[in-house]
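Down below is the structure, laid out as structure tokens.
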Amino acid sequence: MIRRPVVIAGARPNFPKVAPLMRALAGEGVPARLVHTGQHYDAAMSASFFECLDIPEPAANLGVGSGSHATQTAAVMVAIETWLESADADALLVVGDVNSTVACALVAAKAGIPVGHVEAGLRSFDRSMPEEINRVMVDALATWLFTPSADGDENLRAEGVEPERIHLVGNVMVDSLYYALPEARRRSTVADLGLTREGFGLVTLHRPALVDHPDRLADVARTLSEIGKRLPLVFPVHPRTRQMLQRCDIPLDPRRVQIVEPLGYLDFLALEEAAALVLTDSGGVQEETSVLGVPCLTLRDNTERPVTVTRGTNRLVGFDRGTIVSAAHAALARGRRPADIPLWDGQACQRIAQVLTRGAPAPQFVPPALAAHGSEEFRAGRARIPSRPGEE
């Protein structure tokens with residue numbers, strides 16, 4: 001049972017994961033302290049997350065900023081070690097797979113502080129991805145492994161992890177999605193961009209496997225312009241992606257692809273929920289679109305979230321232009337469909353908090369092949385995902 005936990009957030013993908021975790025721990029009478037490593041160093045963007053998701057002020061902001069993987073990871077390690085020396089922490093909780101996650105987990109483990117990893121067990125089986133290295137390392141160090149779906153349990157067991165360390169709790173991103181969706185629907189973001197509900201597609205691309213290869217990025221840009229002939233696209237461009245587009249003089253037809261600045265969480269969620277189609281290489285977007293029932297095409301050859309393909313709305317399409325265009329037409333013809341993913345019900349963080357504070361057992365592992373047959377076999381229960389999330 002823990003009483004003095006510390007929760008780590010570093011980069012933008014972490015914020016929607018720590019917000020419901022902090023609330024759930026407080027609900028169990030354990031007010032956790034938040035440490036912001038500053039890996040995501042855009043102060044305005046960080047502030048928008050804190051405001052819209054009701055994240056409490058951090059106990060510390062380590063301010064590590066950008067740098068190479070080694071530089072950034074080392075800076076976080078030095079800073080968090082110094083802070084922990086006087087923190088009197090009895091547990092450290094990390095989320096996701098960014099550099100701050102592995103840096104803080106390593107320092108805590110060496111200091112004898114138990115580590116909990118939220119979103120454990122995810123595997124793309126692609127060691128060229130820095131995130132994959134981080135996932136494997138953190139899972140090896142953590143005392144509690146909180147998995148979002150049954151495939152995560154299978155991956156951990158295949159790696160020899162002791163079953164008692166594994167807790168299937170559901171997806172914490174979904175907790176934040178349900179929390180924020182009513183407010184996102186009240187936003188005028190769609191209309192402000194001259195769009196109509198289900199009359200546009202949403203694009204988000206930022207991973208090195210695409211962005212750092214000019215020929216591949218140029219081909220995808222042509223693909224987007226081609227899809228834009230049928231469905232206008234809006235593209236909030238990540239700074240790295242914009243830099244590469246400009247450096248390599250890669251054009252996007254402005255009549256078919258509307259480029260906008262990066263959006264805050266609520267504005268992006270408003271667009272995502274209203275889109276007819278999403279094209280992405282983001283892990284979190286694969287999850288969110290599956291819950292929202294929005295067709296999603298993932299421009300990658302692999303995914304660490306296979307449940308979004310087998311039970312959600314996601315399809316892996318790689319980088320081939322013909323495949324992407326054909327898949328886009330098929331997805332638009334098929335339309336929206338509700339997903340049905342066990343435990344993606346908005347209560348994942350409550351389960352985590354109960355495991356940590358009460359020693360309560362999380363839902364037991366059931367292989368996906370059995371879970372697919374229904375709630376009788378999936379004895380822990382299955383979440384019903386409404387066709388319009390947030391509504392009963």
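So you can find residues: chains in the structure tokens are A, B, ... in the order shown, residues in each start at 1, and ligands are numbered from 1 in order.
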List every residue of region 173-232 of chain A that has an atom at most 9 Å from any atom of region 282-289 of chain A, giving for each one its closest atom pair and the distance in Å to one decimal, counting only C-alpha atoms, sorted by chain and then by ascending residue number, as a Markdown table.
| residue | atom | partner | partner_atom | distance |
| --- | --- | --- | --- | --- |
| A:Met173 | CA | A:Gly284 | CA | 7.4 |
| A:Val174 | CA | A:Glu288 | CA | 6.9 |
| A:Leu177 | CA | A:Glu288 | CA | 7.3 |
| A:Thr204 | CA | A:Ser282 | CA | 7.3 |
| A:Leu205 | CA | A:Ser282 | CA | 7.0 |
| A:His206 | CA | A:Ser282 | CA | 7.6 |
| A:Arg207 | CA | A:Ser282 | CA | 7.7 |
Once DSSP has gone over the backbone, tell me which residues of region 178-312 of chain A are in alpha helix (DSSP H), as a ChimeraX atom specification. /A:178-186,189-192,208-211,214-227,239-247,265-274,283-292,307-310
Identify, on the basis of only C-alpha atoms, every residue whose closest approach to Val190 (chain A) does not exceed 9 Å; exclude the query and any residue fewer than 2 positions from it along the same chain; express the result as a PDB file with N, CA and C atoms, in the first residue's frame.
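selection.pdb was written with the following content:
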ATOM      1  N   ARG A 187     -16.816  22.986 -28.436  1.00  0.00           N
ATOM      2  CA  ARG A 187     -15.890  23.893 -29.117  1.00  0.00           C
ATOM      3  C   ARG A 187     -16.361  24.167 -30.544  1.00  0.00           C
ATOM      4  N   SER A 188     -15.962  25.326 -31.049  1.00  0.00           N
ATOM      5  CA  SER A 188     -16.321  25.709 -32.419  1.00  0.00           C
ATOM      6  C   SER A 188     -15.187  25.434 -33.394  1.00  0.00           C
ATOM      7  N   ASP A 192     -14.809  26.900 -37.138  1.00  0.00           N
ATOM      8  CA  ASP A 192     -13.799  27.951 -37.283  1.00  0.00           C
ATOM      9  C   ASP A 192     -12.837  27.670 -38.428  1.00  0.00           C
ATOM     10  N   LEU A 193     -12.627  26.384 -38.748  1.00  0.00           N
ATOM     11  CA  LEU A 193     -11.739  26.017 -39.851  1.00  0.00           C
ATOM     12  C   LEU A 193     -12.490  25.844 -41.164  1.00  0.00           C
ATOM     13  N   GLY A 194     -13.759  26.224 -41.175  1.00  0.00           N
ATOM     14  CA  GLY A 194     -14.564  26.129 -42.398  1.00  0.00           C
ATOM     15  C   GLY A 194     -14.936  24.707 -42.759  1.00  0.00           C
ATOM     16  N   LEU A 195     -15.029  23.837 -41.765  1.00  0.00           N
ATOM     17  CA  LEU A 195     -15.304  22.428 -41.999  1.00  0.00           C
ATOM     18  C   LEU A 195     -16.698  22.072 -41.511  1.00  0.00           C
ATOM     19  N   THR A 196     -17.173  20.907 -41.916  1.00  0.00           N
ATOM     20  CA  THR A 196     -18.449  20.392 -41.454  1.00  0.00           C
ATOM     21  C   THR A 196     -18.250  18.994 -40.900  1.00  0.00           C
ATOM     22  N   ARG A 197     -19.106  18.609 -39.983  1.00  0.00           N
ATOM     23  CA  ARG A 197     -18.989  17.301 -39.348  1.00  0.00           C
ATOM     24  C   ARG A 197     -19.010  16.185 -40.384  1.00  0.00           C
ATOM     25  N   ASP A 267      -9.109  21.104 -28.788  1.00  0.00           N
ATOM     26  CA  ASP A 267      -9.367  21.428 -30.196  1.00  0.00           C
ATOM     27  C   ASP A 267      -9.053  20.240 -31.097  1.00  0.00           C
ATOM     28  N   ALA A 270     -11.802  17.721 -30.692  1.00  0.00           N
ATOM     29  CA  ALA A 270     -13.006  18.151 -31.401  1.00  0.00           C
ATOM     30  C   ALA A 270     -12.938  17.776 -32.879  1.00  0.00           C
ATOM     31  N   LEU A 271     -11.767  17.987 -33.491  1.00  0.00           N
ATOM     32  CA  LEU A 271     -11.592  17.617 -34.895  1.00  0.00           C
ATOM     33  C   LEU A 271     -11.623  16.111 -35.075  1.00  0.00           C
ATOM     34  N   ALA A 274     -15.074  14.602 -34.938  1.00  0.00           N
ATOM     35  CA  ALA A 274     -15.964  15.001 -36.031  1.00  0.00           C
ATOM     36  C   ALA A 274     -15.495  14.533 -37.402  1.00  0.00           C
TER      37      ALA A 274
END
Would you give me, as a tab-separated table, each residue of region 280-351 of chain A having an atom within 12 Å of an atom of region 16-36 of chain A, along with its shortest atom pair and that distance in Å to one decimal, using only C-alpha atoms and sorting by chain and residue number?
residue	atom	partner	partner_atom	distance
A:Gly284	CA	A:Pro16	CA	9.9
A:Glu288	CA	A:Pro16	CA	11.5
A:Gly346	CA	A:Pro20	CA	9.1
A:Gln347	CA	A:Ala24	CA	9.0
A:Ala348	CA	A:Leu21	CA	8.6
A:Cys349	CA	A:Leu21	CA	5.1
A:Gln350	CA	A:Ala24	CA	5.2
A:Arg351	CA	A:Ala24	CA	8.6
Tell me which of A:Phe49, A:Leu141, A:Leu233, A:Glu162 sits closest to Lys110 (chain A), counting only C-alpha atoms.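 For Lys110 (chain A), the nearest of the candidates is A:Leu141.
Minimum atom-to-atom distance to Leu145 (chain A), evaluated using only C-alpha atoms, belongs to A:Leu93 out of A:Gly312, A:Leu93, A:Leu106, A:Ser128.
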Nearest to Gly199 (chain A), chosen from A:Pro130, A:Gly335, A:Pro262, A:Pro239, with only C-alpha atoms counted in the distances: A:Gly335
For Gln39 (chain A), work out the shell of residues within 6 Å, counting only C-alpha atoms and skipping chain neighbours fewer than 5 positions away, then give it as a list in words.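 Those residues are Gly10, Ala11, Val64 and Gly65 of chain A.
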Preceding selection exported with N, CA, C and O atoms as a PDB file, in the first residue's frame:
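See selection-v4.pdb below for the written result:
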ATOM      1  N   GLY A  10       6.414  14.053 -18.817  1.00  0.00           N
ATOM      2  CA  GLY A  10       7.507  14.720 -19.507  1.00  0.00           C
ATOM      3  C   GLY A  10       7.101  15.350 -20.809  1.00  0.00           C
ATOM      4  O   GLY A  10       7.188  16.561 -20.998  1.00  0.00           O
ATOM      5  N   ALA A  11       6.614  14.531 -21.724  1.00  0.00           N
ATOM      6  CA  ALA A  11       6.276  14.999 -23.070  1.00  0.00           C
ATOM      7  C   ALA A  11       4.768  15.069 -23.250  1.00  0.00           C
ATOM      8  O   ALA A  11       3.997  14.514 -22.450  1.00  0.00           O
ATOM      9  N   VAL A  64      14.261  20.133 -18.331  1.00  0.00           N
ATOM     10  CA  VAL A  64      15.406  19.572 -19.040  1.00  0.00           C
ATOM     11  C   VAL A  64      15.466  19.988 -20.505  1.00  0.00           C
ATOM     12  O   VAL A  64      16.540  20.036 -21.100  1.00  0.00           O
ATOM     13  N   GLY A  65      14.335  20.269 -21.147  1.00  0.00           N
ATOM     14  CA  GLY A  65      14.346  20.734 -22.523  1.00  0.00           C
ATOM     15  C   GLY A  65      14.734  19.663 -23.526  1.00  0.00           C
ATOM     16  O   GLY A  65      14.664  18.470 -23.261  1.00  0.00           O
TER      17      GLY A  65
END
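Of the residues listed (A:Leu356, A:Ala109, A:Ala59, A:Leu217), A:Ala109 shows the shortest atom-to-atom separation from Glu81 (chain A); distances use only C-alpha atoms.
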Please, which residues of region 51-278 of chain A, numbered as in this document, come out strand (DSSP E or B) from DSSP, as a ChimeraX atom specification? /A:60-61,91-95,115-118,144-147,166-168,201-204,233-236,257-260,277-278
Go ahead and save the residues from that selection, with N, CA and C atoms, as a compact mmCIF listing (two decimals), in the first residue's frame.
# COMPACT_ATOMS: atom_id res chain seq x y z
N ALA A 60 7.37 19.91 -8.94
CA ALA A 60 8.65 20.35 -9.48
C ALA A 60 8.59 20.31 -10.99
N ASN A 61 9.27 21.25 -11.62
CA ASN A 61 9.47 21.23 -13.06
C ASN A 61 10.98 21.20 -13.29
N ALA A 91 6.76 5.39 -3.92
CA ALA A 91 6.48 4.80 -5.23
C ALA A 91 6.65 5.87 -6.29
N LEU A 92 7.07 5.45 -7.47
CA LEU A 92 7.20 6.37 -8.61
C LEU A 92 6.43 5.77 -9.78
N LEU A 93 5.51 6.54 -10.34
CA LEU A 93 4.64 6.08 -11.42
C LEU A 93 5.01 6.80 -12.70
N VAL A 94 5.30 6.01 -13.74
CA VAL A 94 5.66 6.56 -15.04
C VAL A 94 4.64 6.07 -16.07
N VAL A 95 4.46 6.87 -17.11
CA VAL A 95 3.46 6.52 -18.14
C VAL A 95 4.13 6.52 -19.51
N VAL A 115 8.57 1.04 -8.79
CA VAL A 115 8.12 1.75 -10.00
C VAL A 115 6.84 1.09 -10.52
N GLY A 116 5.87 1.91 -10.88
CA GLY A 116 4.69 1.44 -11.58
C GLY A 116 4.71 1.97 -13.00
N HIS A 117 4.52 1.08 -13.98
CA HIS A 117 4.51 1.50 -15.39
C HIS A 117 3.10 1.42 -15.94
N VAL A 118 2.55 2.56 -16.27
CA VAL A 118 1.22 2.65 -16.87
C VAL A 118 1.37 2.59 -18.38
N TRP A 144 5.09 -2.82 -10.63
CA TRP A 144 3.70 -2.96 -11.10
C TRP A 144 3.66 -2.67 -12.60
N LEU A 145 3.08 -3.58 -13.36
CA LEU A 145 2.95 -3.41 -14.80
C LEU A 145 1.47 -3.33 -15.14
N PHE A 146 1.01 -2.11 -15.45
CA PHE A 146 -0.41 -1.86 -15.71
C PHE A 146 -0.65 -1.86 -17.21
N THR A 147 -1.30 -2.91 -17.70
CA THR A 147 -1.46 -3.08 -19.14
C THR A 147 -2.81 -2.56 -19.61
N ILE A 166 1.81 -8.27 -13.18
CA ILE A 166 1.00 -7.82 -14.32
C ILE A 166 -0.44 -7.54 -13.87
N HIS A 167 -0.94 -6.35 -14.22
CA HIS A 167 -2.30 -5.95 -13.86
C HIS A 167 -2.99 -5.39 -15.11
N LEU A 168 -3.95 -6.10 -15.62
CA LEU A 168 -4.73 -5.63 -16.76
C LEU A 168 -5.78 -4.65 -16.25
N GLY A 201 -11.20 15.01 -43.49
CA GLY A 201 -10.30 14.05 -42.88
C GLY A 201 -9.25 14.78 -42.08
N LEU A 202 -8.71 14.11 -41.06
CA LEU A 202 -7.71 14.69 -40.17
C LEU A 202 -6.40 13.95 -40.34
N VAL A 203 -5.29 14.69 -40.41
CA VAL A 203 -3.96 14.11 -40.62
C VAL A 203 -3.06 14.52 -39.47
N THR A 204 -2.27 13.56 -38.97
CA THR A 204 -1.22 13.87 -37.99
C THR A 204 -0.05 12.92 -38.22
N LEU A 233 -8.76 17.60 -46.42
CA LEU A 233 -8.00 17.19 -45.25
C LEU A 233 -7.53 18.40 -44.47
N VAL A 234 -7.47 18.27 -43.15
CA VAL A 234 -6.86 19.30 -42.30
C VAL A 234 -5.68 18.65 -41.59
N PHE A 235 -4.57 19.37 -41.56
CA PHE A 235 -3.29 18.80 -41.13
C PHE A 235 -2.63 19.71 -40.11
N PRO A 236 -2.84 19.49 -38.79
CA PRO A 236 -2.07 20.22 -37.79
C PRO A 236 -0.62 19.69 -37.81
N VAL A 257 -5.46 20.10 -48.91
CA VAL A 257 -4.89 19.84 -47.58
C VAL A 257 -4.69 21.18 -46.88
N GLN A 258 -5.45 21.42 -45.84
CA GLN A 258 -5.37 22.65 -45.07
C GLN A 258 -4.38 22.47 -43.93
N ILE A 259 -3.27 23.19 -44.00
CA ILE A 259 -2.25 23.10 -42.96
C ILE A 259 -2.57 24.12 -41.86
N VAL A 260 -2.56 23.64 -40.60
CA VAL A 260 -2.79 24.51 -39.46
C VAL A 260 -1.69 24.27 -38.43
N LEU A 277 -12.49 10.54 -41.42
CA LEU A 277 -11.34 9.67 -41.60
C LEU A 277 -10.14 10.32 -40.93
N VAL A 278 -9.27 9.50 -40.32
CA VAL A 278 -8.03 10.00 -39.74
C VAL A 278 -6.87 9.23 -40.34
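Reported to one decimal place, the separation of CA of Lys229 (chain A) from CA of Leu263 (chain A) is 24.3 Å.
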Excluding Thr298 (chain A) and residues on its chain fewer than 6 positions from it, collect all residues at most 7 Å away from it, counting only C-alpha atoms, and give them as a list in words. Leu279, Thr280, Asp281, Asn314, Arg315, Leu316 and Val317 of chain A
Preceding selection exported with all heavy atoms as a CSV table (one decimal), in the first residue's frame:
chain,number,residue,atom,x,y,z
A,279,LEU,N,-5.8,10.0,-40.7
A,279,LEU,CA,-4.6,9.4,-41.2
A,279,LEU,C,-3.5,9.8,-40.2
A,279,LEU,O,-3.3,11.0,-40.0
A,279,LEU,CB,-4.2,9.8,-42.6
A,279,LEU,CG,-5.3,9.5,-43.7
A,279,LEU,CD1,-6.1,10.7,-44.1
A,279,LEU,CD2,-4.6,8.9,-45.0
A,280,THR,N,-2.8,8.8,-39.7
A,280,THR,CA,-1.9,9.2,-38.6
A,280,THR,C,-0.7,8.2,-38.5
A,280,THR,O,-0.7,7.1,-39.2
A,280,THR,CB,-2.6,9.1,-37.2
A,280,THR,OG1,-1.8,9.6,-36.2
A,280,THR,CG2,-3.0,7.7,-36.9
A,281,ASP,N,0.3,8.5,-37.7
A,281,ASP,CA,1.3,7.6,-37.3
A,281,ASP,C,1.5,7.6,-35.8
A,281,ASP,O,2.4,7.1,-35.2
A,281,ASP,CB,2.7,7.8,-38.0
A,281,ASP,CG,3.2,9.2,-37.7
A,281,ASP,OD1,2.7,10.0,-36.9
A,281,ASP,OD2,4.3,9.6,-38.4
A,314,ASN,N,-8.9,0.7,-36.6
A,314,ASN,CA,-7.6,1.1,-37.2
A,314,ASN,C,-7.2,0.0,-38.3
A,314,ASN,O,-7.5,-1.1,-38.1
A,314,ASN,CB,-6.6,1.1,-36.1
A,314,ASN,CG,-5.2,1.6,-36.5
A,314,ASN,OD1,-5.1,2.3,-37.5
A,314,ASN,ND2,-4.2,1.1,-35.9
A,315,ARG,N,-6.5,0.5,-39.3
A,315,ARG,CA,-5.9,-0.3,-40.3
A,315,ARG,C,-4.5,0.1,-40.6
A,315,ARG,O,-4.2,1.3,-40.8
A,315,ARG,CB,-6.7,-0.3,-41.6
A,315,ARG,CG,-6.1,-1.2,-42.7
A,315,ARG,CD,-6.9,-1.2,-43.9
A,315,ARG,NE,-6.3,-1.8,-45.0
A,315,ARG,CZ,-6.7,-2.0,-46.3
A,315,ARG,NH1,-7.9,-1.5,-46.6
A,315,ARG,NH2,-6.0,-2.6,-47.2
A,316,LEU,N,-3.5,-0.8,-40.5
A,316,LEU,CA,-2.1,-0.5,-40.9
A,316,LEU,C,-2.0,-0.5,-42.4
A,316,LEU,O,-2.4,-1.4,-43.1
A,316,LEU,CB,-1.2,-1.5,-40.4
A,316,LEU,CG,-0.9,-1.5,-38.9
A,316,LEU,CD1,0.0,-2.7,-38.5
A,316,LEU,CD2,-0.2,-0.2,-38.4
A,317,VAL,N,-1.5,0.6,-43.0
A,317,VAL,CA,-1.4,0.8,-44.4
A,317,VAL,C,0.0,1.0,-44.9
A,317,VAL,O,0.2,1.1,-46.2
A,317,VAL,CB,-2.3,1.9,-44.9
A,317,VAL,CG1,-3.8,1.5,-44.7
A,317,VAL,CG2,-2.0,3.2,-44.3
Hey, what's within 8 Å of Glu304 (chain A) if we count only C-alpha atoms and toss same-chain stuff fewer than 2 positions away? As a short mmCIF file (atom, residue, chain, number, x, y, z; two decimals) with N, CA, C and O atoms, in the first residue's frame, please?
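Below is the file around35.cif, written as the result:
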data_model
loop_
_atom_site.label_atom_id
_atom_site.label_comp_id
_atom_site.auth_asym_id
_atom_site.auth_seq_id
_atom_site.Cartn_x
_atom_site.Cartn_y
_atom_site.Cartn_z
N LEU A 122 3.21 -2.93 -24.09
CA LEU A 122 3.02 -2.60 -25.50
C LEU A 122 4.31 -2.92 -26.26
O LEU A 122 5.41 -2.59 -25.82
N ARG A 123 4.17 -3.55 -27.42
CA ARG A 123 5.33 -3.91 -28.22
C ARG A 123 5.01 -3.75 -29.70
O ARG A 123 4.02 -4.28 -30.20
N SER A 124 5.89 -3.04 -30.40
CA SER A 124 5.83 -2.99 -31.87
C SER A 124 6.75 -4.04 -32.48
O SER A 124 6.66 -4.33 -33.67
N PHE A 125 7.68 -4.59 -31.67
CA PHE A 125 8.70 -5.54 -32.10
C PHE A 125 9.61 -4.92 -33.17
O PHE A 125 10.12 -5.61 -34.05
N GLY A 283 0.46 6.66 -31.89
CA GLY A 283 -0.13 5.57 -31.14
C GLY A 283 -1.41 5.99 -30.44
O GLY A 283 -2.42 5.28 -30.47
N ASN A 302 3.98 -1.27 -38.56
CA ASN A 302 3.71 -2.03 -37.35
C ASN A 302 2.99 -1.13 -36.37
O ASN A 302 2.92 0.09 -36.54
N PRO A 306 -2.00 -3.42 -31.25
CA PRO A 306 -2.70 -4.27 -32.22
C PRO A 306 -4.19 -4.42 -31.94
O PRO A 306 -4.96 -4.72 -32.86
#
Residue nearest Gly152 (chain A) among A:Val307, A:Val78, A:Ile250, A:Ala87 (counting only C-alpha atoms): A:Val307
Show which residues sit within 12 Å of Asp249 (chain A), as a VMD selection string. Count only C-alpha atoms, and ignore same-chain residues fewer than 5 positions away. chain A and resid 214 to 215 217 to 218 221 241 to 244
Using the selection just defined, write its residues with N, CA, C and O atoms as a short mmCIF file (atom, residue, chain, number, x, y, z; two decimals), in the first residue's frame.
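Contents of part13.cif, as written:
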data_model
loop_
_atom_site.label_atom_id
_atom_site.label_comp_id
_atom_site.auth_asym_id
_atom_site.auth_seq_id
_atom_site.Cartn_x
_atom_site.Cartn_y
_atom_site.Cartn_z
N PRO A 214 13.02 12.00 -46.73
CA PRO A 214 12.41 12.97 -47.65
C PRO A 214 11.62 12.33 -48.80
O PRO A 214 10.53 12.81 -49.14
N ASP A 215 12.15 11.28 -49.40
CA ASP A 215 11.43 10.66 -50.52
C ASP A 215 10.11 10.06 -50.06
O ASP A 215 9.08 10.19 -50.74
N LEU A 217 8.40 10.96 -47.36
CA LEU A 217 7.52 12.05 -46.96
C LEU A 217 6.91 12.73 -48.18
O LEU A 217 5.72 13.08 -48.20
N ALA A 218 7.70 12.91 -49.25
CA ALA A 218 7.19 13.52 -50.47
C ALA A 218 6.10 12.66 -51.09
O ALA A 218 5.09 13.17 -51.59
N ALA A 221 2.99 13.04 -49.08
CA ALA A 221 2.37 14.33 -49.37
C ALA A 221 1.54 14.27 -50.65
O ALA A 221 0.42 14.80 -50.70
N THR A 241 7.83 17.92 -38.61
CA THR A 241 7.29 17.62 -39.94
C THR A 241 7.31 18.87 -40.81
O THR A 241 7.69 18.83 -41.98
N ARG A 242 6.89 20.00 -40.24
CA ARG A 242 6.90 21.25 -41.01
C ARG A 242 8.31 21.60 -41.46
O ARG A 242 8.54 22.01 -42.60
N GLN A 243 9.27 21.43 -40.56
CA GLN A 243 10.66 21.74 -40.89
C GLN A 243 11.15 20.89 -42.05
O GLN A 243 11.81 21.40 -42.98
N MET A 244 10.81 19.61 -42.07
CA MET A 244 11.24 18.75 -43.16
C MET A 244 10.53 19.08 -44.46
O MET A 244 11.15 19.07 -45.54
#
Go through A:Cys104, A:Thr223, A:Ala339, A:Ser149 one by one, measure the shortest atom-to-atom distance of each to Ser326 (chain A) using only C-alpha atoms, and give the residue with the smallest value.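 Closest to Ser326 (chain A), using only C-alpha atoms: A:Thr223.
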